[in-house]
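Chemist: I'd like to ask some things about the structure below.
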Amino acid sequence: MIMTENPADLFADKVEARNLQLAIQHSSDVIARVTKEGIALYVSPSCLPMLGYSQQDFYRSSLYTYCHPNDRDLLGDALAELEQLPHKRETFRFRHKEGHYLWLEANFSVINDDKEMMCIIRDMTQRIIMEEEILETQEKYRFLVEFSKDTIGMVTQKGIWTYINNEGKKLFGFTSIKEMIGTSLHDYIPPSEHSTLDDFLQTKLSVNFELNLIRTDGQTRKAEVQLIPTTFKNRKVYQIIIKDVTGQKKTEEKLQNAEKLSVVGQLAAGIAHEIRNPLTAIKGFTQLLYEEHKGDFAEVILSELERIEGIVNDLLVLAKPQITEMEETCLTNVVKSVITLLNSQAVMENIVIELTQSPGEFYVKCEKDKIKQVLINIIKNSIEAMPAGGKINVDIRQEDHSVIISVEDEGIGIPEERLAKLGEPFYSTKEKGTGLGIMICKKIIKNHGGNLYIHSRENEGTTVRITLPLA
């Protein structure tokens, strides 16, 4: 009996073959049948829009002809591996008919009893270009972050560090970035500023503000902080940028002080000239009175007028540089004369002034009256700082090519936060002080090529150290 195929099955096969043919004809991917040597036996019509070649151009041509020279070995290895593998995927560059190259992804499958291969080719050029651009952008961003002069990092919405660049390691004083990851930004700011930081973290907006940062070695730095909300690995975080503005703030303070000094200079010049006019008249008439009567009172008045005139001249020091004549002077004798002058006032306040010195005499080139003025100001400050009495030790000794004068008292001392501001105009630790005394003293010593340092501890006393170059 002869068996015949079911007509329904034959029809279904024809429909399926027709559908497959339509799918190949309209596929955006190139579908090809090639030999194991890479010779094209069939290429779908999509080769024209994708690669610029017609089906006839590809027929019986080798894939190696169009493959980029640097990728031919890659393609050859992929075809050779199909001896052991039924499927293989490879990406390589393929020449377009217009001359440029495209990145293609080819999926090879063995068919017809391992004699031929079915190849599905997809254009991957745009995706690979985009991936390269993304990698390039990431590399540029990484480079900018790692070599930025500002601290750049990532913190959670609670302020926990998840990343920080090398500049941040320097700013906070760490030896390794890993030491900082997992710690909180709150750990590096004063407790008084925690609530301020929390307010900015809760806003979930891009904000700029200033904070005081505490390094691991205890140093405090002033910083401008910028928080930028972002998403990283599906987690809402902040990108944080910290700029150390400590130096900038110090420069601003110096500019403000310079402005104050300018105002003080102008004010001092005006006051000095206003005082000089009536002072000249008073001094002239007192001189006449002294010549006529030769009385002690007139002599005292003249002496005090000369003292006022000296103070007026000191005010002019603030206004403009003075042309002065310096002479070689024995500094030991200057110090002794000042102690003798102030000793009576010290005794009245139950204070003893003691002088210690290394052997020898120390000569400096200076204006004797100006150095006297500095020492008087400093020792008087020490007397006023000791309402309960005590001892003031004045020491003179040589160090290298300089002579050092130290004035040490047992007074109430100066708080640390006020110590840094001493010498600024209009800033004084005294209730009715103007702050000009120490400022003038510093200026006089600086004009002599020396330095004036003040060290003090509250309720322990103050030490003023003057250095002057030896003649």
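Each chain in the structure tokens gets a letter, A, B, ..., in the order shown, and its residues are numbered from 1; ligands are numbered from 1 in order too.
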For Cys47 (chain A), list every protein, DNA or RNA residue within 9 Å, evaluated using only C-alpha atoms, and leave out those in the same chain fewer than 5 positions away; present the list as a list in words.
Modeler: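 Using only C-alpha atoms, the neighbours found are Ser28, Asp29, Val30, Ile31, Gly52, Tyr53, Ser54, Gln55 and Phe58 of chain A.
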Chemist: Apply DSSP to the backbone of this structure and, from region 39-177 of chain A, keep only the residues in helix (DSSP H, G or I); write these as a VMD selection string.
Modeler: chain A and resid 47 to 51 55 to 58 63 to 66 69 to 81 125 to 146 166 to 172 177
Chemist: How many Å separate CA of Leu341 (chain A) from CA of Leu355 (chain A)?
Modeler: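 Calculated distance between CA of Leu341 (chain A) and CA of Leu355 (chain A) is 13.7 Å.
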Chemist: Considering only C-alpha atoms, state which residue in the set A:Met180, A:Val300, A:Val110, A:Val352 is at the smallest distance from Asn166 (chain A).
Modeler: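 Under the stated criterion, the closest residue is A:Met180.
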Chemist: Which neighbours of Leu104 (chain A) fall inside 9 Å, counting only C-alpha atoms, when residues of the same chain fewer than 6 positions from it are skipped, and could you give them as a list of chain:residue names?
Modeler: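 Here the qualifying residues turn out to be A:Glu90, A:Thr91, A:Phe92, A:Arg93, A:Phe94, A:Ile121, A:Arg122, A:Asp123, A:Met124, A:Thr125.
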Chemist: Which residues are near Tyr42 (chain A)? Cut-off 10 Å, only C-alpha atoms, ignore same chain within fewer than 4 positions. Put them as a PyMOL selection string.
Modeler: chain A and resi 31-34+55-56+58-60+118-119
Chemist: If you run DSSP on this backbone, which residues of region 110-231 of chain A come out as strand (DSSP E), and could you give them as a PyMOL selection string?
Modeler: chain A and resi 110-111+116-123+151-156+161-164+207-214+220-231
Chemist: If you count only C-alpha atoms, which residues fall within 12 Å of Glu306 (chain A), apart from same-chain ones fewer than 5 positions away, as a CSV table (one decimal) with N, CA, C and O atoms, in the first residue's frame?
Modeler:
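The resulting file, selection22.csv, is shown below:
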```csv
chain,number,residue,atom,x,y,z
A,276,ARG,N,48.5,120.0,67.4
A,276,ARG,CA,49.7,120.7,67.3
A,276,ARG,C,49.5,122.2,67.3
A,276,ARG,O,50.3,123.0,67.8
A,279,LEU,N,48.8,123.5,70.7
A,279,LEU,CA,50.0,123.1,71.5
A,279,LEU,C,51.2,124.1,71.3
A,279,LEU,O,51.9,124.5,72.2
A,280,THR,N,51.3,124.5,70.0
A,280,THR,CA,52.4,125.4,69.7
A,280,THR,C,52.3,126.8,70.4
A,280,THR,O,53.2,127.3,71.0
A,282,ILE,N,50.4,127.3,73.2
A,282,ILE,CA,50.6,127.1,74.7
A,282,ILE,C,52.0,127.0,75.1
A,282,ILE,O,52.5,127.6,76.1
A,283,LYS,N,52.8,126.2,74.2
A,283,LYS,CA,54.2,126.0,74.5
A,283,LYS,C,55.0,127.3,74.4
A,283,LYS,O,55.9,127.6,75.3
A,284,GLY,N,54.6,128.2,73.5
A,284,GLY,CA,55.3,129.4,73.3
A,284,GLY,C,55.1,130.4,74.5
A,284,GLY,O,56.0,131.0,75.0
A,286,THR,N,54.1,129.5,77.5
A,286,THR,CA,54.7,128.9,78.7
A,286,THR,C,56.2,129.2,78.7
A,286,THR,O,56.8,129.4,79.8
A,287,GLN,N,56.9,129.2,77.5
A,287,GLN,CA,58.3,129.4,77.4
A,287,GLN,C,58.6,130.9,77.9
A,287,GLN,O,59.5,131.1,78.6
A,299,GLU,N,58.5,125.1,84.5
A,299,GLU,CA,59.4,124.0,84.0
A,299,GLU,C,58.6,122.7,83.9
A,299,GLU,O,58.8,122.0,82.9
A,300,VAL,N,57.8,122.4,84.9
A,300,VAL,CA,57.0,121.2,84.9
A,300,VAL,C,56.0,121.2,83.7
A,300,VAL,O,55.9,120.2,83.0
A,301,ILE,N,55.4,122.4,83.5
A,301,ILE,CA,54.4,122.5,82.4
A,301,ILE,C,55.1,122.3,81.0
A,301,ILE,O,54.7,121.6,80.2
A,311,ILE,N,53.8,112.4,72.2
A,311,ILE,CA,52.6,111.5,71.9
A,311,ILE,C,52.0,111.9,70.5
A,311,ILE,O,51.6,111.0,69.7
A,312,VAL,N,51.9,113.2,70.2
A,312,VAL,CA,51.4,113.6,68.9
A,312,VAL,C,52.3,113.1,67.8
A,312,VAL,O,51.8,112.6,66.8
A,313,ASN,N,53.6,113.1,68.0
A,313,ASN,CA,54.5,112.6,67.0
A,313,ASN,C,54.3,111.0,66.8
A,313,ASN,O,54.4,110.5,65.7
```
Chemist: Between A:Pro190, A:Glu274, A:Lys222, A:Tyr163, which residue has the minimum interatomic distance to Lys249 (chain A), considering only C-alpha atoms?
Modeler: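 Residue with the minimum atom-to-atom distance to Lys249 (chain A): A:Lys222.
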Chemist: Got a sec: who's within 9 Å of Pro387 (chain A), counting only C-alpha atoms, leaving out chain neighbours fewer than 6 positions off, as a compact mmCIF listing (two decimals) with C-alpha atoms, in the first residue's frame?
Modeler:
```
# COMPACT_ATOMS: atom_id res chain seq x y z
CA GLU A 349 50.70 98.21 93.31
CA ASN A 350 52.66 95.76 95.49
CA GLY A 411 48.76 88.54 85.82
CA ILE A 412 45.29 87.49 84.77
```
Chemist: Do a neighbour search on region 212-214 of chain A at 9 Å with only C-alpha atoms, toss out local chain neighbours closer than 3 positions, and write the hits as a list in words.
Modeler: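 So the residues in contact are Phe172, Asp187, Tyr188, Ile189, Pro190, Glu193, Asp217, Gly218, Gln219, Thr220, Arg221, Lys222, Ala223 and Glu224 of chain A.
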Chemist: CA of Pro69 (chain A) and CA of Arg89 (chain A), how far apart in Å?
Modeler: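 So the two atoms, CA of Arg89 (chain A) and CA of Pro69 (chain A), lie 19.0 Å apart.
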Chemist: What is the CA of Lys140 (chain A) to CA of Gln157 (chain A) distance in Å?
Modeler: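 Between CA of Lys140 (chain A) and CA of Gln157 (chain A) the gap is 26.4 Å.
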Chemist: Let me make sure I understand: among A:Leu201, A:Ala385, A:Val334, A:Ile242, which one has the smallest atom-to-atom distance to Pro229 (chain A) if we use only C-alpha atoms?
Modeler: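 Comparing A:Leu201, A:Ala385, A:Val334, A:Ile242 against Pro229 (chain A), the winner is A:Leu201.
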